[in-house]
Protein chains: 2
Amino acid sequence: MNIRQLLGSKKLSNFFWKTYREDPQNIEAESHRLLHRTGFISQVSSGIFSFLPMGWRSMEKIKNIIREEMNKSGSLEINMPVVQPAELWEISGRLETFIPPLASFMDRRENKFIIAPTHEETVTDIVVKHVNSYRDLPFILYHIQTKYREEPRPRGGLLRVREFEMKDAYSFDMNEEGMDVSYKKMIQVYKNIFSRCATEIVIVDADSGAIGGKESNEFIMLAESGEDIILISDKEEYSANVEKAIFIKNEFEQENQENIRTIDTPNLKTIDSLQKELSLPYQKFLKTVIYNADDKLVGCVIRGDYKINETKVRNYLKVTELTPANDTELNNAGFTPGFISPYDTKKIKFIYDDSVLKGPGNFVAGANVIDKHILGINISKDLNPEIVLDIAEAEEGFSAIDGGILRTNRGIEVGHVFKLGDAYSKKMSATYSNQKGEEKNLLMGCYGIGVGRLLAACIEANYSNNSMNLPLSIAPFSVYLLALQIKDEEVKNLSDKFFFEIDKLGFDVLYDDRDIQTGVKFNDSDLLSLPYRIVISKRSIEKKQIEIYVREDKKTYDYTFDEVIKFFENI
Amino acid sequence: MNIRQLLGSKKLSNFFWKTYREDPQNIEAESHRLLHRTGFISQVSSGIFSFLPMGWRSMEKIKNIIREEMNKSGSLEINMPVVQPAELWEISGRLETFIPPLASFMDRRENKFIIAPTHEETVTDIVVKHVNSYRDLPFILYHIQTKYREEPRPRGGLLRVREFEMKDAYSFDMNEEGMDVSYKKMIQVYKNIFSRCATEIVIVDADSGAIGGKESNEFIMLAESGEDIILISDKEEYSANVEKAIFIKNEFEQENQENIRTIDTPNLKTIDSLQKELSLPYQKFLKTVIYNADDKLVGCVIRGDYKINETKVRNYLKVTELTPANDTELNNAGFTPGFISPYDTKKIKFIYDDSVLKGPGNFVAGANVIDKHILGINISKDLNPEIVLDIAEAEEGFSAIDGGILRTNRGIEVGHVFKLGDAYSKKMSATYSNQKGEEKNLLMGCYGIGVGRLLAACIEANYSNNSMNLPLSIAPFSVYLLALQIKDEEVKNLSDKFFFEIDKLGFDVLYDDRDIQTGVKFNDSDLLSLPYRIVISKRSIEKKQIEIYVREDKKTYDYTFDEVIKFFENI
């Protein structure tokens with residue numbers, strides 16, 4: 001099975017391709033610049049693109065790799081529709097809560113339809129209709145289908161878009177053990193896919209977000225342009241997205257408990273300023289932030305040497321919106337902005353990070369009175385917290401749970417897998433009868449790869465200067481055959497001959513047979529930077545030699561005609 | 001390139017497949033019944049389906065055939081988005097006029113987006129952005145993409161749906177000659193595609209409908225369940241969709257002109273009843289119908305031996321809605337329902353079919369007075385028509401323009417090609433500069449195949465009783481390996497052996513290794529009716545023979561083990 005043969009070699013004189021010297025607007029990523037300049041994509045609207053023939057070849061190659069690896073694992077390809085009845089999403093409870101909000105329209109019979117951003121509901125509905133018994137299990141269904149999401153800020157070309165093709169797979173198992181087997185199988189499939197795309201990835205613990213479920217992992221390609229922040233232990237046994245990352249918190253010896261007293265702290269509204277004024281270390285402070293969580297105020301308290309991780313707070317509260325309360329909201333609730341305190345208030349619910357229990361005690365906190373703070377606060381005596389959990393954000397240099405030190409990296413999420421458990425099957429009554437005839441909920445996993453983003457990530461990982469440098473497996477063509485002085489009949493005949501012969505060996509050749517300036521041809525070739533470039537010119541005929549540039553070696557070789565053929569035979 | 005190898009052989013014990021004994025609701029086509037019963041599709045909503053693994057294999061095979069033939073012709077695959085800004089459709093003028101009306105939604109920035117039913121606007125926009133010169137021409141771009149249309153009445157399973165995958169191609173040329181070359185090239189590609197799907201088609205003249213342009217042809221598969229009516233001359237040199245079909249109208253000797261006189265015709269409101277009462281042939285009558293055409297009344301007059309073709313009227317008037325006016329509308333406009341007359345009225349515009357000029361004259365028409373008709377009407381003397389053209393509907397037995405007789409057939413439209421000319425390029429400023437540096441409009445063609453409908457049409461063409469009988473090229477698998485007494489180790493080993501060996505020969509084998517009743521296995525196999533069925537059982541081991549059923553021959557053969565392998569080697 002050779003996708004190159006289906007896509008075929010092409011002559012540029014008959015191809016639809018143009019390169020660009022100008023950058024598109026709002027460049028935030030090198031892959032965006034290169035995708036535009038190499039004529040891979042054409043923007044239709046913000047976050048919505050067409051793929052031109054050159055770019056679509058790479059997309060087809062990626063999709064083929066995905067299909068081959070998915071099929072090899074026994075997963076079965078299906079196809080589910082883009083337009084779906086809203087009722088399905090009512091049952092799952094995501095119609096109003098999905099983030100970003102669903103795009104929807106009313107059909108001519110005034111029924112509401114949504115444009116699918118993902119397919120958990122649809123696949124579960126299929127399974128409800130077609131699965132009855134443990135004999136039907138387990139299985140993994142997948143499709144590669146267009147998705148639409150109302151991204152608030154599309155950016156970086158294909159890195160964050162509104163419409164995209166996603167490979168999404170869904171596993172169905174009888175029990176936790178089966179679900180774990182499917183989950184691990186898919187992780188291996190993903191490793192194979194990314195390895196065939198020559199993309200090095202880190203697998204990290206991740207937050208499940210709008211998809212739900214208990215456990216999830218992201219496949220992250222490290223890249224400065226990435227918008228995900230991940231923490232990797234230098235012992236390499238722990239890595240996680242910052243939204244999810246945990247760490248070992250510093251413990252301090254408990255001091256002897258002092259009494260509470262109020263001090264004047266005129267205009268000292270931040271811990272930084274207080275810390276300087278009082279000459280106390282950060283861990284001596286309690287940081288309190290009041291949030292508006294789905295229109296209800298909630299306080300969060302953390303030790304001064306840590307920051308609050310809002311994703312952890314949001315997940316604990318199960319809310320969709322979480323923003324720091326503004327001064328009006330604070331005043332209305334009886335709080336004094338800048339001097340907020342969890343002390344002596346029952347007005348709202350407070351969540352404490354467990355760092356507050358790890359010493360040193362005798363904390364400094366706001367007095368909830370303008371220009372005043374309290375000293376000598378001790379947690380159990382003075383605050384008696386009901387909710388204590390981990391809401392701290394991991395940072396560079398913190399202690400990892402594997403005994404190493406956490407390092408911060410930026411990366412691009414190229415895949416995301418979720419153990420959904422019964423999150424959907426319960427709501428949608430997706431059950432099977434087990435060997436004893438009992439009805440049980442199916443346990444699900446779901447597994448996604450954004451095809452276009454993977455292409456962009458591969459470019460981010462491989463580009464240099466003005467060269468795209470896509471790996472052989474997904475480059476639009478394998479060979480750039482650059483014919484100079486093409487109007488010379490001998491050159492044309494020799495070029496034609498090598499075009500056909502290298503094509504016959506199973507390589508897809510882009511034959512630059514255009515009668516244009518030499519400089520333009522070399523520029524275009526450099527930009528596209530295919531794995532192999534062959535130059536044929538009058539000189540080739542004179543010297544009976546052809547020049548081959550091998551990108552991997554960064555070297556040019558002068559080969560006789562026979563050596564050229566042998567070279568490609570031996571790849 | 002072998003698609004069977006990508007899709008692979010499968011064991012039913014690891015496959016997601018179930019057949020059904022019950023029919024779905026609202027069966028209007030045998031293909032719908034069979035697609036449901038063989039577990040090819042699963043309905044999500046009216047006119048919206050998921051494809052299950054068995055059905056998706058056939059879809060993939062069809063798409064592969066389409067891709068191979070399109071690529072072979074030099075057409076280039078691209079991808080355009082499903083969701084599109086409404087502005088694009090404002091420029092083309094189709095935002096409000098497309099039939100059926102576009103599905104649309106507002107994005108979070110309150111910009112209107114539509115869900116694309118076709119891609120003329122998008123592809124033209126690409127060409128505006130990326131094409132400048134005659135040197136870039138000609139080319140044909142295509143994609144296979146999800147479409148959505150607000151069909152008023154989805155029916156027949158995959159025959160008429162709301163969401164579907166369509167292969168749509170678009171050609172761009174410098175001039176009429178170039179456009180004709182592209183058009184003919186695509187017609188040949190379509191012939192190849194349908195022939196590889198073993199579908200016999202008739203190419204007919206067709207109406208261009210909502211797509212526009214001057215000339216169009218449909219590829220029709222003849223089938224009783226089809227909703228298109230086509231007329232084919234028995235000389236086979238002319239065929240057309242009834243919406244478009246023309247014919248040679250009967251001419252009658254002109255009678256000597258009589259004077260106009262009014263007669264009493266109590267309760268004789270139809271030509272049938274008048275014709276009997278007056279003992280006159282049909283051609284002696286003028287049939288007048290008043291239509292409400294986009295909220296304006298228009299009259300149509302045709303000779304009594306013909307019927308009005310409303311598509312022709314609609315195209316002439318360039319209106320989207322055309323319905324016979326109701327009695328209230330008629331009364332308000334001063335007409336007498338049942339006795340309408342074009343005589344002596346300037347109230348509305350009248351369109352005359354040219355049959356009224358072909359004799360015999362002295363026509364009978366309504367008097368526009370209750371229970372009265374007029375005799376002796378002569379066209380130029382009494383009516384003096386301004387608009388005379390062909391608005392007649394062709395029927396069985398009429399004379400074809402090739403000298404033959406028209407025969408009526410029902411069929412399914414599986415492909416439609418259009419010469420668009422400059423219909424889009426003019427409105428969207430899609431120009432190129434020619435050799436002289438002049439800006440000229442590009443000339444376009446567009447070419448569509450609905451993938452799912454083609455699958456349904458292939459079933460309609462091939463089914464028998466409860467068997468789907470898809471041709472080898474698009475059957476979900478090539479071979480059904482039916483293992484009986486699978487619990488017997490010898491049977492299992494022998495079945496495994498042949499499963500692997502036939503697979504190795506390049507055939508995709510569906511291996512029924514389920515431990516279930518023999519009758520169920522044979523029923524499932526009959527329903528799916530793959531081109532080859534192999535039965536392996538204890539008897540095979542005893543007699544050292546295997547039973548092969550060859551669907552094409554309708555015969556069963558008993559072959560030795562070696563002969564089985566040879567049989568498949570020789571296919």
# chains A, B, ... in the order shown; residues from 1 in each chain; ligands from 1

$ residues_around --residues "segment 519-527 of chain B" --least-positions-apart "6" --cutoff "10 Å" --atoms "only C-alpha atoms" --output "list of chain:residue names"
B:Lys18, B:Thr19, B:Tyr20, B:Leu34, B:Arg37, B:Thr38, B:Tyr463, B:Ser464, B:Asn465, B:Asn466, B:Ser467, B:Met468, B:Asn469, B:Val479, B:Tyr480, B:Leu481, B:Leu482, B:Ala483, B:Leu484, B:Leu510, B:Asp512, B:Asp513, B:Arg533, B:Val535

$ interface_residues --of "chain B" --to "chain A" --cutoff "6 Å" --atoms "only C-alpha atoms" --output "PyMOL selection string"
chain B and resi 1+50-53+56+76-80+105

$ write_last_selection --atoms "C-alpha atoms" --output "mmCIF file, in the first residue's frame"
data_model
loop_
_atom_site.group_PDB
_atom_site.id
_atom_site.type_symbol
_atom_site.label_atom_id
_atom_site.label_comp_id
_atom_site.auth_asym_id
_atom_site.auth_seq_id
_atom_site.Cartn_x
_atom_site.Cartn_y
_atom_site.Cartn_z
ATOM 1 C CA MET B 1 -2.500 0.563 -5.242
ATOM 2 C CA SER B 50 -23.998 7.425 10.146
ATOM 3 C CA PHE B 51 -22.133 4.788 8.170
ATOM 4 C CA LEU B 52 -21.251 1.677 10.165
ATOM 5 C CA PRO B 53 -17.980 -0.193 9.471
ATOM 6 C CA TRP B 56 -18.107 2.633 5.215
ATOM 7 C CA LEU B 76 -6.043 18.116 -8.427
ATOM 8 C CA GLU B 77 -7.507 17.305 -5.044
ATOM 9 C CA ILE B 78 -7.999 20.135 -2.578
ATOM 10 C CA ASN B 79 -10.231 20.624 0.456
ATOM 11 C CA MET B 80 -12.672 23.437 1.107
ATOM 12 C CA PHE B 105 -25.977 30.480 11.932
#

$ atom_distance --atom1 "atom CA of Lys318 of chain B" --atom2 "atom CA of Phe350 of chain B"
15.1 Å

$ closest_residue --among "A:Lys427, A:Val491, A:Val289, A:Val128" --to "Trp89 of chain A" --atoms "only C-alpha atoms"
A:Lys427

$ select_by_dssp --residues "segment 188-292 of chain A" --states "alpha helix (DSSP H)" --output "list in words"
Gln188, Val189, Tyr190, Lys191, Asn192, Ile193, Phe194, Ser195, Arg196, Ile271, Asp272, Ser273, Leu274, Gln275, Lys276, Glu277 and Leu278 of chain A

$ residues_around --residues "segment 386-395 of chain A" --least-positions-apart "6" --cutoff "10 Å" --atoms "only C-alpha atoms" --output "VMD selection string"
chain A and resid 229 to 231 240 to 249 300 to 303 305 to 316 349 to 357 380 405 to 408

$ residues_around --residues "Ile271 of chain B" --least-positions-apart "2" --cutoff "8 Å" --atoms "only C-alpha atoms" --output "count of residues only"
9

$ closest_residue --among "A:Ser537, A:Ser9, A:Asn441, A:Thr118" --to "Ser478 of chain A" --atoms "only C-alpha atoms"
A:Ser9

$ residues_around --residues "Ala367 of chain A" --least-positions-apart "2" --cutoff "9 Å" --atoms "only C-alpha atoms" --output "list of chain:residue names"
A:Thr262, A:Ile263, A:Thr336, A:Phe339, A:Ile340, A:Ser341, A:Pro342, A:Tyr343, A:Ala365, A:Val369, A:Ile370, A:Asp371, A:Lys372, A:His373, A:Ile374

$ residues_around --residues "Asp294 of chain B" --least-positions-apart "3" --cutoff "8 Å" --atoms "only C-alpha atoms" --output "mmCIF file with C-alpha atoms, in the first residue's frame"
data_model
loop_
_atom_site.group_PDB
_atom_site.id
_atom_site.type_symbol
_atom_site.label_atom_id
_atom_site.label_comp_id
_atom_site.auth_asym_id
_atom_site.auth_seq_id
_atom_site.Cartn_x
_atom_site.Cartn_y
_atom_site.Cartn_z
ATOM 1 C CA VAL B 319 -38.186 32.937 -10.429
ATOM 2 C CA THR B 320 -37.746 30.541 -7.521
ATOM 3 C CA GLU B 321 -41.399 29.913 -6.605
ATOM 4 C CA LEU B 322 -43.996 28.951 -9.222
#

$ select_by_dssp --residues "segment 260-302 of chain B" --states "strand (DSSP E or B)" --output "mmCIF file with N, CA and C atoms, in the first residue's frame"
data_model
loop_
_atom_site.group_PDB
_atom_site.id
_atom_site.type_symbol
_atom_site.label_atom_id
_atom_site.label_comp_id
_atom_site.auth_asym_id
_atom_site.auth_seq_id
_atom_site.Cartn_x
_atom_site.Cartn_y
_atom_site.Cartn_z
ATOM 1 N N ARG B 261 -67.078 33.515 -31.163
ATOM 2 C CA ARG B 261 -68.442 33.492 -30.591
ATOM 3 C C ARG B 261 -68.398 32.788 -29.235
ATOM 4 N N THR B 262 -69.325 33.205 -28.393
ATOM 5 C CA THR B 262 -69.369 32.659 -27.033
ATOM 6 C C THR B 262 -70.440 31.583 -26.952
ATOM 7 N N ILE B 263 -70.112 30.476 -26.231
ATOM 8 C CA ILE B 263 -71.115 29.421 -26.048
ATOM 9 C C ILE B 263 -71.262 29.118 -24.557
ATOM 10 N N ASP B 264 -72.403 28.517 -24.232
ATOM 11 C CA ASP B 264 -72.634 28.104 -22.844
ATOM 12 C C ASP B 264 -71.972 26.760 -22.599
ATOM 13 N N PHE B 285 -58.048 23.070 -28.502
ATOM 14 C CA PHE B 285 -58.246 23.867 -27.286
ATOM 15 C C PHE B 285 -56.987 24.647 -26.916
ATOM 16 N N LEU B 286 -57.201 25.785 -26.277
ATOM 17 C CA LEU B 286 -56.094 26.490 -25.629
ATOM 18 C C LEU B 286 -56.230 26.267 -24.120
ATOM 19 N N LYS B 287 -55.141 25.752 -23.538
ATOM 20 C CA LYS B 287 -55.158 25.521 -22.095
ATOM 21 C C LYS B 287 -54.459 26.723 -21.451
ATOM 22 N N THR B 288 -55.108 27.377 -20.516
ATOM 23 C CA THR B 288 -54.522 28.549 -19.857
ATOM 24 C C THR B 288 -54.375 28.282 -18.367
ATOM 25 N N VAL B 289 -53.165 28.467 -17.849
ATOM 26 C CA VAL B 289 -52.932 28.324 -16.402
ATOM 27 C C VAL B 289 -52.306 29.617 -15.902
ATOM 28 N N ILE B 290 -52.879 30.152 -14.819
ATOM 29 C CA ILE B 290 -52.282 31.355 -14.226
ATOM 30 C C ILE B 290 -51.434 30.906 -13.041
ATOM 31 N N TYR B 291 -50.192 31.353 -13.017
ATOM 32 C CA TYR B 291 -49.288 30.979 -11.935
ATOM 33 C C TYR B 291 -49.001 32.163 -11.030
ATOM 34 N N ASN B 292 -48.729 31.833 -9.767
ATOM 35 C CA ASN B 292 -48.146 32.816 -8.863
ATOM 36 C C ASN B 292 -46.630 32.606 -8.932
ATOM 37 N N ALA B 293 -45.955 33.547 -9.584
ATOM 38 C CA ALA B 293 -44.510 33.416 -9.791
ATOM 39 C C ALA B 293 -43.813 34.446 -8.909
ATOM 40 N N LYS B 296 -46.101 37.263 -8.156
ATOM 41 C CA LYS B 296 -46.639 38.034 -9.271
ATOM 42 C C LYS B 296 -47.392 37.046 -10.160
ATOM 43 N N LEU B 297 -48.578 37.434 -10.661
ATOM 44 C CA LEU B 297 -49.329 36.499 -11.499
ATOM 45 C C LEU B 297 -48.840 36.535 -12.946
ATOM 46 N N VAL B 298 -48.683 35.330 -13.521
ATOM 47 C CA VAL B 298 -48.251 35.184 -14.909
ATOM 48 C C VAL B 298 -49.108 34.092 -15.542
ATOM 49 N N GLY B 299 -49.588 34.340 -16.767
ATOM 50 C CA GLY B 299 -50.389 33.324 -17.443
ATOM 51 C C GLY B 299 -49.579 32.527 -18.441
ATOM 52 N N CYS B 300 -49.910 31.222 -18.553
ATOM 53 C CA CYS B 300 -49.260 30.381 -19.553
ATOM 54 C C CYS B 300 -50.339 29.765 -20.427
ATOM 55 N N VAL B 301 -50.116 29.799 -21.731
ATOM 56 C CA VAL B 301 -51.097 29.262 -22.679
ATOM 57 C C VAL B 301 -50.417 28.207 -23.547
ATOM 58 N N ILE B 302 -51.047 27.047 -23.631
ATOM 59 C CA ILE B 302 -50.476 25.958 -24.418
ATOM 60 C C ILE B 302 -51.607 25.264 -25.169
#

$ closest_residue --among "B:Pro337, B:Gly445, B:Gly376, B:Pro117" --to "Met166 of chain B" --atoms "only C-alpha atoms"
B:Pro117

$ atom_distance --atom1 "atom CA of Ile534 of chain B" --atom2 "atom CA of Glu547 of chain B"
5.7 Å

$ atom_distance --atom1 "atom CA of Phe568 of chain A" --atom2 "atom CA of Gln485 of chain A"
24.1 Å

$ residues_around --residues "Val451 of chain A" --least-positions-apart "3" --cutoff "10 Å" --atoms "only C-alpha atoms" --output "PyMOL selection string"
chain A and resi 58-60+62-63+66+144-145+158+164-167+414-415+448+454-457
